[in-house]
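coords_35.csv, holding CSV, C-alpha atoms and all ligand atoms:
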chain,number,residue,atom,x,y,z
G,1,MET,CA,16.9,-31.9,-33.1
G,2,ALA,CA,20.0,-30.2,-31.8
G,3,ASN,CA,18.0,-27.3,-30.3
G,4,ASP,CA,18.5,-29.0,-26.9
G,5,VAL,CA,20.5,-26.4,-25.1
G,6,ARG,CA,18.9,-23.0,-25.2
G,7,PRO,CA,20.4,-19.7,-24.4
G,8,VAL,CA,19.4,-17.8,-21.3
G,9,SER,CA,21.0,-14.5,-22.3
G,10,LEU,CA,23.1,-13.0,-25.1
G,11,LYS,CA,25.4,-10.0,-24.6
G,12,ARG,CA,27.6,-7.9,-26.8
G,13,GLU,CA,30.9,-7.9,-24.9
G,14,GLY,CA,34.2,-6.4,-26.1
G,15,ASP,CA,34.9,-7.7,-29.6
G,16,GLY,CA,32.4,-10.5,-29.5
G,17,LEU,CA,29.2,-12.2,-28.3
G,18,LYS,CA,28.8,-13.8,-24.9
G,19,ILE,CA,26.1,-16.4,-24.5
G,20,GLU,CA,24.9,-17.9,-21.2
G,21,TRP,CA,23.3,-21.3,-21.9
G,22,ALA,CA,20.6,-23.1,-19.9
G,23,ASP,CA,23.0,-25.9,-19.0
G,24,GLY,CA,25.2,-23.4,-17.1
G,25,VAL,CA,27.9,-23.1,-19.7
G,26,THR,CA,28.9,-19.6,-20.9
G,27,THR,CA,30.5,-19.3,-24.4
G,28,PHE,CA,32.2,-16.4,-26.1
G,29,ALA,CA,32.9,-16.0,-29.9
G,30,THR,CA,34.6,-13.0,-31.5
G,31,TRP,CA,32.7,-11.1,-34.2
G,32,ARG,CA,35.5,-11.9,-36.6
G,33,HIS,CA,35.0,-15.6,-36.0
G,34,LEU,CA,31.2,-15.4,-36.3
G,35,ARG,CA,31.5,-13.4,-39.5
G,36,ALA,CA,34.0,-15.8,-41.0
G,37,SER,CA,31.6,-18.7,-40.1
G,38,CYS,CA,28.5,-17.2,-41.8
G,39,PRO,CA,26.2,-20.2,-42.6
G,40,CYS,CA,24.5,-18.6,-45.6
G,41,ALA,CA,24.7,-20.4,-49.0
G,42,ALA,CA,27.0,-17.8,-50.6
G,43,CYS,CA,29.5,-17.9,-47.8
G,44,THR,CA,29.4,-21.6,-47.5
G,45,GLU,CA,30.1,-21.9,-51.2
G,46,ASP,CA,33.0,-19.4,-50.9
G,47,ARG,CA,34.6,-21.4,-48.0
G,48,ALA,CA,34.4,-24.6,-50.0
G,49,LYS,CA,36.6,-23.1,-52.7
G,50,PRO,CA,40.3,-23.0,-52.3
G,51,PRO,CA,41.4,-19.7,-50.8
G,52,ASP,CA,42.3,-17.1,-53.5
G,53,PRO,CA,45.5,-15.3,-52.5
G,54,PHE,CA,44.8,-12.5,-54.9
G,55,ARG,CA,41.2,-11.8,-53.7
G,56,VAL,CA,40.6,-8.1,-53.6
G,57,LEU,CA,38.6,-6.7,-50.8
G,58,THR,CA,35.3,-5.1,-51.9
G,59,PRO,CA,35.2,-1.3,-51.2
G,60,GLN,CA,32.5,-2.0,-48.7
G,61,GLU,CA,34.7,-4.5,-46.8
G,62,VAL,CA,37.5,-2.0,-46.7
G,63,ALA,CA,35.3,0.8,-45.5
G,64,ALA,CA,33.7,-1.4,-42.9
G,65,GLY,CA,36.9,-2.2,-41.0
G,66,PRO,CA,36.8,-5.1,-38.6
G,67,ALA,CA,33.7,-7.2,-38.6
G,68,ALA,CA,31.0,-5.9,-36.2
G,69,PRO,CA,27.2,-6.5,-36.1
G,70,VAL,CA,24.8,-3.7,-36.8
G,71,GLY,CA,21.8,-5.7,-35.7
G,72,ILE,CA,20.9,-9.1,-34.4
G,73,LYS,CA,17.4,-10.5,-34.3
G,74,THR,CA,15.7,-13.7,-33.3
G,75,VAL,CA,14.5,-16.0,-36.0
G,76,GLY,CA,11.6,-18.2,-34.8
G,77,TYR,CA,12.6,-20.3,-31.9
G,78,TYR,CA,15.8,-21.7,-33.3
G,79,ALA,CA,18.2,-19.1,-34.6
G,80,TYR,CA,19.6,-15.5,-34.7
G,81,GLN,CA,20.1,-13.5,-37.8
G,82,ILE,CA,23.1,-11.2,-37.7
G,83,ALA,CA,23.4,-8.1,-39.9
G,84,TRP,CA,27.0,-7.1,-40.4
G,85,ASN,CA,28.7,-3.7,-40.9
G,86,ASP,CA,29.8,-4.9,-44.4
G,87,GLY,CA,26.2,-5.0,-45.5
G,88,HIS,CA,25.9,-8.8,-45.3
G,89,ASP,CA,22.8,-10.2,-43.5
G,90,THR,CA,21.7,-13.5,-45.0
G,91,GLY,CA,23.3,-15.7,-42.4
G,92,ILE,CA,20.9,-17.3,-40.0
G,93,TYR,CA,22.9,-18.7,-37.0
G,94,THR,CA,21.1,-21.7,-35.4
G,95,LEU,CA,21.5,-22.3,-31.7
G,96,GLU,CA,23.5,-25.4,-32.5
G,97,HIS,CA,25.8,-23.4,-34.7
G,98,LEU,CA,26.2,-20.6,-32.2
G,99,ARG,CA,27.0,-23.1,-29.5
G,100,LYS,CA,29.7,-24.8,-31.6
G,101,LEU,CA,31.3,-21.4,-32.6
G,102,GLY,CA,31.7,-20.2,-29.1
G,103,THR,CA,34.6,-21.1,-26.7
G,104,PRO,CA,33.5,-22.0,-23.2
G,105,VAL,CA,34.5,-19.2,-20.7
G,106,THR,CA,35.6,-20.4,-17.3
G,107,HIS,CA,35.1,-17.3,-15.1
G,108,GLY,CA,31.8,-16.3,-16.6
G,109,ASN,CA,31.2,-12.6,-16.1
P,1,MET,CA,0.4,-8.0,-28.7
P,2,ASN,CA,0.3,-6.1,-32.0
P,3,PRO,CA,-3.4,-4.9,-32.3
P,4,GLY,CA,-3.2,-5.4,-36.1
P,5,MET,CA,-2.6,-9.1,-35.8
P,6,PRO,CA,-5.4,-11.6,-36.2
P,7,GLN,CA,-6.5,-13.4,-33.0
P,8,LYS,CA,-4.5,-16.5,-32.4
P,9,LEU,CA,-6.9,-19.5,-32.1
P,10,SER,CA,-6.1,-22.1,-29.5
P,11,LEU,CA,-6.5,-25.8,-30.1
P,12,PRO,CA,-6.0,-27.2,-26.7
P,13,GLY,CA,-6.3,-30.9,-27.6
P,14,VAL,CA,-3.8,-30.6,-30.5
P,15,LYS,CA,-0.1,-31.1,-29.6
P,16,ASN,CA,1.5,-30.0,-32.8
P,17,VAL,CA,0.1,-28.0,-35.7
P,18,ILE,CA,2.4,-28.4,-38.8
P,19,ALA,CA,1.9,-26.2,-41.9
P,20,VAL,CA,2.9,-27.6,-45.2
P,21,ALA,CA,3.8,-24.6,-47.4
P,22,SER,CA,5.2,-23.9,-50.9
P,23,GLY,CA,6.1,-20.8,-52.8
P,24,LYS,CA,4.0,-21.9,-55.7
P,25,GLY,CA,1.5,-24.5,-56.8
P,26,GLY,CA,2.2,-27.8,-58.5
P,27,VAL,CA,5.3,-28.7,-56.5
P,28,GLY,CA,3.5,-31.5,-54.7
P,29,LYS,CA,2.5,-29.7,-51.5
P,30,SER,CA,-0.8,-31.5,-51.2
P,31,THR,CA,0.8,-34.8,-52.0
P,32,VAL,CA,3.4,-34.3,-49.3
P,33,ALA,CA,0.7,-33.1,-46.8
P,34,ALA,CA,-1.5,-36.2,-47.4
P,35,ASN,CA,1.4,-38.7,-47.3
P,36,LEU,CA,3.0,-37.1,-44.3
P,37,ALA,CA,-0.3,-37.2,-42.4
P,38,LEU,CA,-0.7,-40.9,-43.2
P,39,ALA,CA,2.9,-41.7,-42.5
P,40,LEU,CA,2.5,-40.1,-39.1
P,41,ARG,CA,-0.7,-42.1,-38.6
P,42,MET,CA,1.2,-45.3,-39.6
P,43,SER,CA,3.8,-44.4,-37.1
P,44,GLY,CA,1.3,-44.6,-34.3
P,45,GLN,CA,0.3,-40.9,-34.0
P,46,SER,CA,-3.2,-39.5,-33.8
P,47,VAL,CA,-3.5,-37.2,-36.9
P,48,GLY,CA,-5.7,-34.7,-38.6
P,49,LEU,CA,-5.3,-33.2,-42.0
P,50,MET,CA,-6.8,-29.8,-42.8
P,51,ASP,CA,-7.0,-28.7,-46.4
P,52,ALA,CA,-6.6,-24.9,-46.2
P,53,ASP,CA,-6.3,-24.6,-50.0
P,54,ILE,CA,-9.8,-23.2,-50.4
P,55,TYR,CA,-9.3,-22.6,-54.2
P,56,GLY,CA,-7.9,-25.9,-55.1
P,57,PRO,CA,-8.9,-28.5,-52.4
P,58,SER,CA,-7.4,-31.9,-53.1
P,59,VAL,CA,-8.0,-33.8,-49.9
P,60,PRO,CA,-11.4,-35.2,-51.1
P,61,ILE,CA,-9.9,-36.8,-54.2
P,62,MET,CA,-6.7,-37.9,-52.6
P,63,PHE,CA,-8.7,-39.7,-49.9
P,64,GLY,CA,-11.5,-41.0,-52.2
P,65,LEU,CA,-14.2,-38.9,-50.6
P,66,GLY,CA,-16.8,-36.6,-52.2
P,67,MET,CA,-19.2,-34.0,-51.0
P,68,VAL,CA,-21.3,-34.5,-47.9
P,69,ASP,CA,-24.3,-32.8,-46.5
P,70,PRO,CA,-23.0,-30.6,-43.7
P,71,GLN,CA,-26.4,-30.6,-42.0
P,72,THR,CA,-26.2,-34.3,-41.4
P,73,THR,CA,-22.5,-35.2,-41.4
P,74,PRO,CA,-20.4,-34.0,-38.6
P,75,PHE,CA,-16.9,-32.7,-39.4
P,76,PRO,CA,-14.1,-33.7,-39.4
P,77,LEU,CA,-14.6,-36.8,-41.6
P,78,GLU,CA,-12.3,-39.7,-41.1
P,79,LYS,CA,-10.5,-42.0,-43.5
P,80,TYR,CA,-7.6,-44.4,-43.0
P,81,GLY,CA,-7.6,-43.3,-39.4
P,82,VAL,CA,-6.9,-39.6,-40.2
P,83,LYS,CA,-9.4,-36.9,-39.4
P,84,LEU,CA,-10.0,-34.7,-42.5
P,85,MET,CA,-11.5,-31.3,-43.3
P,86,SER,CA,-11.7,-29.7,-46.7
P,87,MET,CA,-13.7,-27.1,-48.4
P,88,GLY,CA,-14.2,-29.8,-51.1
P,89,PHE,CA,-16.5,-31.7,-48.7
P,90,MET,CA,-19.0,-28.8,-48.9
P,91,VAL,CA,-18.4,-27.2,-52.3
P,92,ASP,CA,-18.0,-29.0,-55.7
P,93,PRO,CA,-14.2,-28.7,-56.3
P,94,ASN,CA,-15.0,-28.2,-60.0
P,95,GLN,CA,-17.0,-25.1,-59.3
P,96,ALA,CA,-14.3,-22.5,-58.6
P,97,VAL,CA,-14.8,-20.8,-55.4
P,98,ILE,CA,-14.1,-17.2,-56.1
P,99,TRP,CA,-13.7,-15.7,-52.7
P,100,ARG,CA,-11.6,-12.8,-51.7
P,101,GLY,CA,-8.9,-13.0,-49.1
P,102,PRO,CA,-10.8,-12.1,-46.0
P,103,LYS,CA,-13.5,-14.7,-46.7
P,104,VAL,CA,-10.9,-17.4,-47.3
P,105,ALA,CA,-9.3,-16.5,-43.9
P,106,GLN,CA,-12.8,-16.7,-42.3
P,107,ALA,CA,-13.5,-20.1,-43.7
P,108,VAL,CA,-10.1,-21.4,-42.6
P,109,GLN,CA,-10.6,-19.9,-39.1
P,110,ALA,CA,-13.9,-21.8,-38.9
P,111,PHE,CA,-12.1,-25.0,-39.9
P,112,LEU,CA,-9.7,-24.4,-37.1
P,113,GLY,CA,-11.9,-22.9,-34.4
P,114,GLN,CA,-15.3,-24.5,-34.9
P,115,ILE,CA,-14.5,-28.0,-35.8
P,116,ASP,CA,-13.9,-30.4,-33.0
P,117,TRP,CA,-10.6,-32.0,-33.8
P,118,GLY,CA,-10.4,-33.7,-30.4
P,119,ASP,CA,-7.1,-34.9,-29.1
P,120,LEU,CA,-4.4,-35.1,-31.8
P,121,ASP,CA,-0.7,-35.5,-31.8
P,122,PHE,CA,-0.5,-33.8,-35.1
P,123,LEU,CA,-2.7,-31.5,-37.2
P,124,VAL,CA,-1.2,-31.1,-40.7
P,125,ILE,CA,-2.4,-28.1,-42.6
P,126,ASP,CA,-2.1,-28.0,-46.4
P,127,LEU,CA,-1.7,-24.3,-46.9
P,128,PRO,CA,-2.7,-22.5,-50.1
P,129,PRO,CA,0.4,-22.1,-52.4
P,130,GLY,CA,2.2,-18.8,-52.3
P,131,THR,CA,3.1,-16.2,-49.7
P,132,GLY,CA,0.3,-13.7,-50.0
P,133,ASP,CA,-2.1,-12.2,-47.5
P,134,ALA,CA,-4.2,-15.4,-47.1
P,135,GLN,CA,-1.1,-17.4,-46.1
P,136,LEU,CA,0.1,-14.7,-43.8
P,137,THR,CA,-3.2,-14.4,-42.0
P,138,LEU,CA,-3.3,-18.1,-41.6
P,139,SER,CA,0.2,-18.4,-40.3
P,140,GLN,CA,-0.7,-15.7,-37.7
P,141,SER,CA,-4.0,-17.1,-36.6
P,142,ALA,CA,-3.3,-20.8,-36.5
P,143,PRO,CA,-1.3,-21.9,-33.5
P,144,LEU,CA,1.5,-23.3,-35.7
P,145,SER,CA,4.2,-25.3,-34.0
P,146,GLY,CA,6.2,-25.4,-37.2
P,147,ALA,CA,6.2,-25.3,-40.9
P,148,VAL,CA,7.7,-27.4,-43.6
P,149,ILE,CA,8.5,-26.0,-47.0
P,150,VAL,CA,8.1,-28.1,-50.1
P,151,THR,CA,10.2,-27.3,-53.1
P,152,THR,CA,11.4,-29.0,-56.3
P,153,PRO,CA,15.0,-29.1,-57.5
P,154,GLN,CA,14.6,-26.3,-60.0
P,155,ASP,CA,16.0,-23.0,-58.9
P,156,VAL,CA,12.8,-21.1,-59.8
P,157,SER,CA,10.9,-22.8,-57.1
P,158,LEU,CA,13.7,-22.2,-54.7
P,159,ILE,CA,13.2,-18.5,-55.1
P,160,ASP,CA,9.6,-19.0,-54.2
P,161,ALA,CA,10.4,-21.2,-51.3
P,162,ARG,CA,12.8,-18.6,-49.9
P,163,LYS,CA,9.8,-16.2,-49.8
P,164,GLY,CA,7.9,-18.7,-47.9
P,165,VAL,CA,10.7,-19.1,-45.4
P,166,ARG,CA,10.8,-15.4,-44.9
P,167,MET,CA,7.1,-15.2,-44.2
P,168,PHE,CA,7.3,-17.8,-41.4
P,169,GLN,CA,10.3,-16.0,-40.0
P,170,GLU,CA,8.3,-12.8,-39.9
P,171,VAL,CA,5.5,-14.4,-37.9
P,172,LYS,CA,8.0,-16.3,-35.8
P,173,VAL,CA,6.9,-19.8,-36.8
P,174,PRO,CA,9.9,-22.1,-36.8
P,175,VAL,CA,10.7,-23.7,-40.1
P,176,LEU,CA,11.2,-27.3,-39.3
P,177,GLY,CA,12.9,-28.0,-42.6
P,178,VAL,CA,12.7,-28.3,-46.3
P,179,ILE,CA,11.3,-31.2,-48.3
P,180,GLU,CA,12.6,-31.6,-51.8
P,181,ASN,CA,9.9,-33.3,-53.9
P,182,MET,CA,10.5,-34.9,-57.3
P,183,SER,CA,14.2,-35.1,-56.4
P,184,TYR,CA,15.1,-38.2,-58.3
P,185,PHE,CA,13.6,-41.5,-59.5
P,186,VAL,CA,14.6,-45.0,-58.7
P,187,GLY,CA,15.2,-47.0,-61.8
P,188,ASP,CA,14.4,-50.7,-62.4
P,189,ASP,CA,18.0,-51.4,-61.4
P,190,GLY,CA,17.2,-49.9,-58.0
P,191,LYS,CA,19.6,-47.0,-58.6
P,192,ARG,CA,18.9,-43.3,-58.0
P,193,TYR,CA,18.7,-41.0,-61.0
P,194,ASN,CA,18.6,-37.2,-60.6
P,195,LEU,CA,16.3,-35.5,-63.1
P,196,PHE,CA,17.4,-32.0,-62.4
P,197,ARG,CA,20.7,-30.6,-61.1
P,198,ALA,CA,20.8,-32.1,-57.7
P,199,GLY,CA,21.1,-30.2,-54.4
P,200,GLY,CA,18.6,-27.4,-54.6
P,201,GLY,CA,16.7,-28.4,-51.5
P,202,GLN,CA,20.0,-28.9,-49.6
P,203,LYS,CA,21.1,-25.4,-50.7
P,204,LEU,CA,18.0,-23.8,-49.5
P,205,ALA,CA,18.1,-25.7,-46.3
P,206,SER,CA,21.7,-24.8,-45.5
P,207,GLU,CA,21.1,-21.2,-46.4
P,208,ILE,CA,18.4,-20.8,-43.8
P,209,GLY,CA,20.1,-23.1,-41.4
P,210,VAL,CA,17.3,-25.7,-41.2
P,211,PRO,CA,17.5,-29.4,-42.0
P,212,LEU,CA,16.7,-31.0,-45.3
P,213,LEU,CA,13.9,-33.1,-43.9
P,214,GLY,CA,13.5,-35.3,-46.9
P,215,GLU,CA,14.1,-35.9,-50.6
P,216,MET,CA,11.1,-37.5,-52.2
P,217,PRO,CA,11.4,-39.5,-55.4
P,218,ILE,CA,9.3,-39.1,-58.5
P,219,ASP,CA,7.0,-42.1,-59.0
P,220,PRO,CA,4.2,-42.1,-61.5
P,221,ARG,CA,2.2,-44.2,-59.0
P,222,ILE,CA,2.1,-41.1,-56.7
P,223,ALA,CA,-0.1,-39.3,-59.3
P,224,GLU,CA,-2.1,-42.5,-59.8
P,225,CYS,CA,-2.7,-42.8,-56.1
P,226,GLY,CA,-3.7,-39.2,-55.9
P,227,ASP,CA,-6.5,-39.8,-58.3
P,228,THR,CA,-7.7,-43.1,-56.9
P,229,GLY,CA,-8.2,-42.1,-53.3
P,230,GLU,CA,-5.4,-44.0,-51.5
P,231,PRO,CA,-2.2,-42.2,-50.9
P,232,MET,CA,1.1,-43.8,-52.0
P,233,VAL,CA,2.5,-44.4,-48.5
P,234,ARG,CA,-0.5,-46.6,-47.6
P,235,LYS,CA,-1.1,-48.3,-50.9
P,236,TYR,CA,2.6,-49.2,-51.6
P,237,PRO,CA,4.2,-49.1,-48.2
P,238,ASP,CA,7.3,-50.9,-49.5
P,239,SER,CA,8.0,-48.5,-52.3
P,240,PRO,CA,11.0,-46.1,-52.0
P,241,ALA,CA,8.6,-43.1,-51.9
P,242,ALA,CA,6.7,-44.6,-49.0
P,243,GLN,CA,9.9,-45.4,-47.2
P,244,ALA,CA,11.0,-41.8,-47.7
P,245,TYR,CA,7.7,-40.6,-46.2
P,246,LEU,CA,8.0,-42.9,-43.2
P,247,ALA,CA,11.5,-41.6,-42.6
P,248,LEU,CA,10.1,-38.0,-43.0
P,249,ALA,CA,7.4,-38.8,-40.4
P,250,ARG,CA,10.1,-40.0,-37.9
P,251,ARG,CA,12.0,-36.8,-38.4
P,252,VAL,CA,8.9,-34.7,-37.9
P,253,ILE,CA,8.1,-36.6,-34.7
P,254,ALA,CA,11.7,-36.2,-33.4
P,255,THR,CA,11.6,-32.5,-34.3
P,256,SER,CA,8.3,-31.9,-32.6
P,257,ALA,CA,8.8,-34.1,-29.5
P,258,THR,CA,10.0,-31.2,-27.3
P,259,PRO,CA,7.2,-29.1,-25.8
P,260,ALA,CA,6.7,-25.7,-27.3
P,261,ALA,CA,9.8,-23.8,-26.4
P,262,ALA,CA,9.9,-20.3,-24.9
P,263,PRO,CA,10.8,-17.5,-27.3
P,264,LEU,CA,14.5,-16.8,-27.6
P,265,PRO,CA,16.0,-13.9,-25.6
P,266,GLU,CA,16.9,-10.8,-27.5
P,267,VAL,CA,20.6,-9.8,-27.6
P,268,GLN,CA,21.5,-7.2,-25.0
P,269,TRP,CA,22.9,-4.3,-27.0
O,301,LIG,N1,7.0,-37.3,-56.2
O,301,LIG,C1,6.0,-37.3,-57.2
O,301,LIG,N2,6.1,-38.1,-58.2
O,301,LIG,C2,5.1,-38.1,-59.2
O,301,LIG,N3,4.1,-37.3,-59.2
O,301,LIG,C3,3.9,-36.4,-58.2
O,301,LIG,C4,4.9,-36.3,-57.1
O,301,LIG,N4,4.5,-35.4,-56.3
O,301,LIG,C5,3.4,-34.8,-56.8
O,301,LIG,N5,3.0,-35.5,-57.9
O,301,LIG,C6,1.9,-35.2,-58.8
O,301,LIG,O1,2.0,-33.8,-59.2
O,301,LIG,C7,0.7,-33.2,-59.3
O,301,LIG,C8,0.8,-31.9,-58.4
O,301,LIG,O2,0.9,-32.3,-57.0
O,301,LIG,P1,0.1,-31.6,-55.9
O,301,LIG,O3,0.4,-32.3,-54.6
O,301,LIG,O4,-1.4,-31.5,-56.2
O,301,LIG,O5,0.8,-30.2,-55.9
O,301,LIG,P2,0.4,-28.8,-55.1
O,301,LIG,O6,-0.5,-29.1,-54.0
O,301,LIG,O7,1.7,-28.3,-54.7
O,301,LIG,O8,-0.2,-28.0,-56.1
O,301,LIG,C9,-0.3,-34.2,-58.8
O,301,LIG,O9,-0.8,-34.8,-60.0
O,301,LIG,C10,0.5,-35.2,-58.1
O,301,LIG,O10,-0.1,-36.5,-58.1
O,302,MG,MG,-2.5,-28.6,-53.7
O,303,ZN,ZN,27.0,-15.3,-45.5

Please render this file's structure as structure tokens.
Ligand SMILES: Nc1ncnc2c1ncn2[C@@H]1O[C@H](COP(=O)(O)OP(=O)(O)O)[C@@H](O)[C@H]1O
Ligand SMILES: [Mg+2]
Ligand SMILES: [Zn+2]
Amino acid sequence: MANDVRPVSLKREGDGLKIEWADGVTTFATWRHLRASCPCAACTEDRAKPPDPFRVLTPQEVAAGPAAPVGIKTVGYYAYQIAWNDGHDTGIYTLEHLRKLGTPVTHGN
Amino acid sequence: MNPGMPQKLSLPGVKNVIAVASGKGGVGKSTVAANLALALRMSGQSVGLMDADIYGPSVPIMFGLGMVDPQTTPFPLEKYGVKLMSMGFMVDPNQAVIWRGPKVAQAVQAFLGQIDWGDLDFLVIDLPPGTGDAQLTLSQSAPLSGAVIVTTPQDVSLIDARKGVRMFQEVKVPVLGVIENMSYFVGDDGKRYNLFRAGGGQKLASEIGVPLLGEMPIDPRIAECGDTGEPMVRKYPDSPAAQAYLALARRVIATSATPAAAPLPEVQW
């Protein structure tokens, strides 16, 4: 499977998540990008629909402000589950997905 | 380690222990477990199949075996090149075994710990249906390398399957993927017909971020094979269902080839 490259460390840094991978690559993804790419069924379905220009933010979304995690836990040997400040927590981010969502950082620190 | 957790048994000769689970009974979990075990065997692996469904053992009938005298017959038994263990070899399956949870767990622990499985590439475990205490204890005490969840296309069983996925996540057993059984049938014209709204297994799989390992067709011969002691994949190896099982076996082999990985690092907060 695509669980080939495994993470060595994950750090909250600035407005996103920095991951050091076993192959020496370091990637960074903003919380905003991670939240927008939630792999759960509901979000996947929403993204498949054409964007609704009149969509009203839920009160929870408004109150939450910019996307930020309130908790991240490991799921088995293959994924991380991120709980967000807007109350959403059903997304399970596989290693493969996390690797794709991140942008490689050149000066890794 | 958490002191409340049951002792994890070790099976040094067994490379991969795969649990076949489902949220509820009747979805074809035992059928999948038996055919997967045989398909792995037909793909050149050394395989064992352990029937942990103490209340409804089906391995004896599916493999055409009856009760044996445990005093004179060493376990596991072997048929079609697969090592087999089931409560049904010791107790008449028609006489309901009314045991409470702890006793079930004990019997299953004995199946795992006291039976000489020898060297195996895969030990497939047919778990009891559901996500109760018995299943939880088993998932904690067996050295599982992964679990596959069997579901059917109806939504109701998806809800149950989700519970199963959560249980494995709690005990940190990786869910290798979802198998959707009775997905479709292949007509005489060779075309695929869906019986229910399609895509339930895919939906569950993408929601939990695991692959859909297989979609298994409905075929009346599967039930017939289950009753006559020779699983479908062996009896009709050219049928679409058998081909689906052999493809499933290849995926399970690919998924399991990597040696047991180290736990993932926690996020530094
Ligand atoms: N794909 C299938 N096509 C036709 N019959 C099936 C299929 N899968 C399972 N069956 C039949 O459905 C019944 C229930 O299957 P079983 O494997 O015993 O379910 P479970 O172990 O989940 O309770 C059995 O009679 C079995 O032969
Ligand atoms: Mg069964
Ligand atoms: Zn989501």

Write down, as a ChimeraX atom specification, each residue of chain P that has any atom within 7 Å of an atom of chain G, counting all atoms listed in the file. /P:169,172-174,203,206-209,254-255,263-269

How far is it from atom CA of P:Met50 to atom CA of P:Tyr184, in Å with one decimal?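 We find that atom CA of P:Met50 and atom CA of P:Tyr184 lie 28.1 Å from each other.
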
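The spacing separating atom CA of P:Ala147 from atom CA of P:Phe122 amounts to 12.3 Å.
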
For ligand MG 302 (chain O), return the neighbouring residues as a PyMOL selection string (distance at most 9 Å; all atoms listed in the file). chain P and resi 25-31+33+51+53+56-59+126-129

For the residues selected in the previous step, produce a file with C-alpha atoms as a short mmCIF file (atom, residue, chain, number, x, y, z; two decimals), in the frame of the given file.
data_model
loop_
_atom_site.label_atom_id
_atom_site.label_comp_id
_atom_site.auth_asym_id
_atom_site.auth_seq_id
_atom_site.Cartn_x
_atom_site.Cartn_y
_atom_site.Cartn_z
CA GLY P 25 1.50 -24.50 -56.80
CA GLY P 26 2.20 -27.80 -58.50
CA VAL P 27 5.30 -28.70 -56.50
CA GLY P 28 3.50 -31.50 -54.70
CA LYS P 29 2.50 -29.70 -51.50
CA SER P 30 -0.80 -31.50 -51.20
CA THR P 31 0.80 -34.80 -52.00
CA ALA P 33 0.70 -33.10 -46.80
CA ASP P 51 -7.00 -28.70 -46.40
CA ASP P 53 -6.30 -24.60 -50.00
CA GLY P 56 -7.90 -25.90 -55.10
CA PRO P 57 -8.90 -28.50 -52.40
CA SER P 58 -7.40 -31.90 -53.10
CA VAL P 59 -8.00 -33.80 -49.90
CA ASP P 126 -2.10 -28.00 -46.40
CA LEU P 127 -1.70 -24.30 -46.90
CA PRO P 128 -2.70 -22.50 -50.10
CA PRO P 129 0.40 -22.10 -52.40
#

As a JSON list (two decimals) with C-alpha atoms, in the frame of the given file, please: the residues near G:Leu101 (cut-off 8 Å, only C-alpha atoms, same-chain neighbours under 3 positions excluded).
[["chain", "number", "residue", "atom", "x", "y", "z"],
["G", 29, "ALA", "CA", 32.90, -16.00, -29.90],
["G", 33, "HIS", "CA", 35.00, -15.60, -36.00],
["G", 34, "LEU", "CA", 31.20, -15.40, -36.30],
["G", 37, "SER", "CA", 31.60, -18.70, -40.10],
["G", 97, "HIS", "CA", 25.80, -23.40, -34.70],
["G", 98, "LEU", "CA", 26.20, -20.60, -32.20]]

With all atoms listed in the file as the atoms that count, which of P:Val68, P:Ala39, P:Ala249, P:Ala241 lies nearest to ligand LIG 301 (chain O)?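 Ranking P:Val68, P:Ala39, P:Ala249, P:Ala241 by distance to ligand LIG 301 (chain O), first place goes to P:Ala241.
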
Please return, as a compact mmCIF listing (two decimals) with C-alpha atoms, in the frame of the given file, all polymer residues that have at least one atom within 9 Å of the point (-2.1, -44.5, -57.3); use all atoms listed in the file and the file's own coordinate frame.
# COMPACT_ATOMS: atom_id res chain seq x y z
CA PRO P 220 4.20 -42.10 -61.50
CA ARG P 221 2.20 -44.20 -59.00
CA ILE P 222 2.10 -41.10 -56.70
CA ALA P 223 -0.10 -39.30 -59.30
CA GLU P 224 -2.10 -42.50 -59.80
CA CYS P 225 -2.70 -42.80 -56.10
CA GLY P 226 -3.70 -39.20 -55.90
CA ASP P 227 -6.50 -39.80 -58.30
CA THR P 228 -7.70 -43.10 -56.90
CA GLY P 229 -8.20 -42.10 -53.30
CA GLU P 230 -5.40 -44.00 -51.50
CA PRO P 231 -2.20 -42.20 -50.90
CA MET P 232 1.10 -43.80 -52.00
CA LYS P 235 -1.10 -48.30 -50.90
CA TYR P 236 2.60 -49.20 -51.60

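Counting from atom CA of G:Gly65, the distance to atom CA of G:Asn85 is 8.3 Å.
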
Of the candidates P:Leu158, P:Val17, P:Val91, P:Ala34, which one gets nearest to ligand LIG 301 (chain O) if we count only C-alpha atoms and all ligand atoms?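 Among the listed residues, the smallest separation from ligand LIG 301 (chain O) belongs to P:Ala34.
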
Would you mind listing what lies within 12 Å of P:Val165 as JSON, numbers by chain, with only C-alpha atoms counted and same-chain residues fewer than 5 positions away left out? {"G": [75, 76, 92], "P": [19, 20, 21, 22, 23, 130, 131, 135, 136, 139, 146, 147, 148, 149, 150, 151, 158, 159, 160, 170, 171, 172, 173, 174, 175, 176, 177, 178, 204, 205, 207, 208, 209, 210]}

Could you give me, as a VMD selection string, the residues that have an atom at most 10 Å away from the point (9.7, -45.7, -53.0) in the coordinates of the file, using all atoms listed in the file? chain P and resid 185 to 186 190 216 to 219 221 to 222 232 to 233 236 to 245
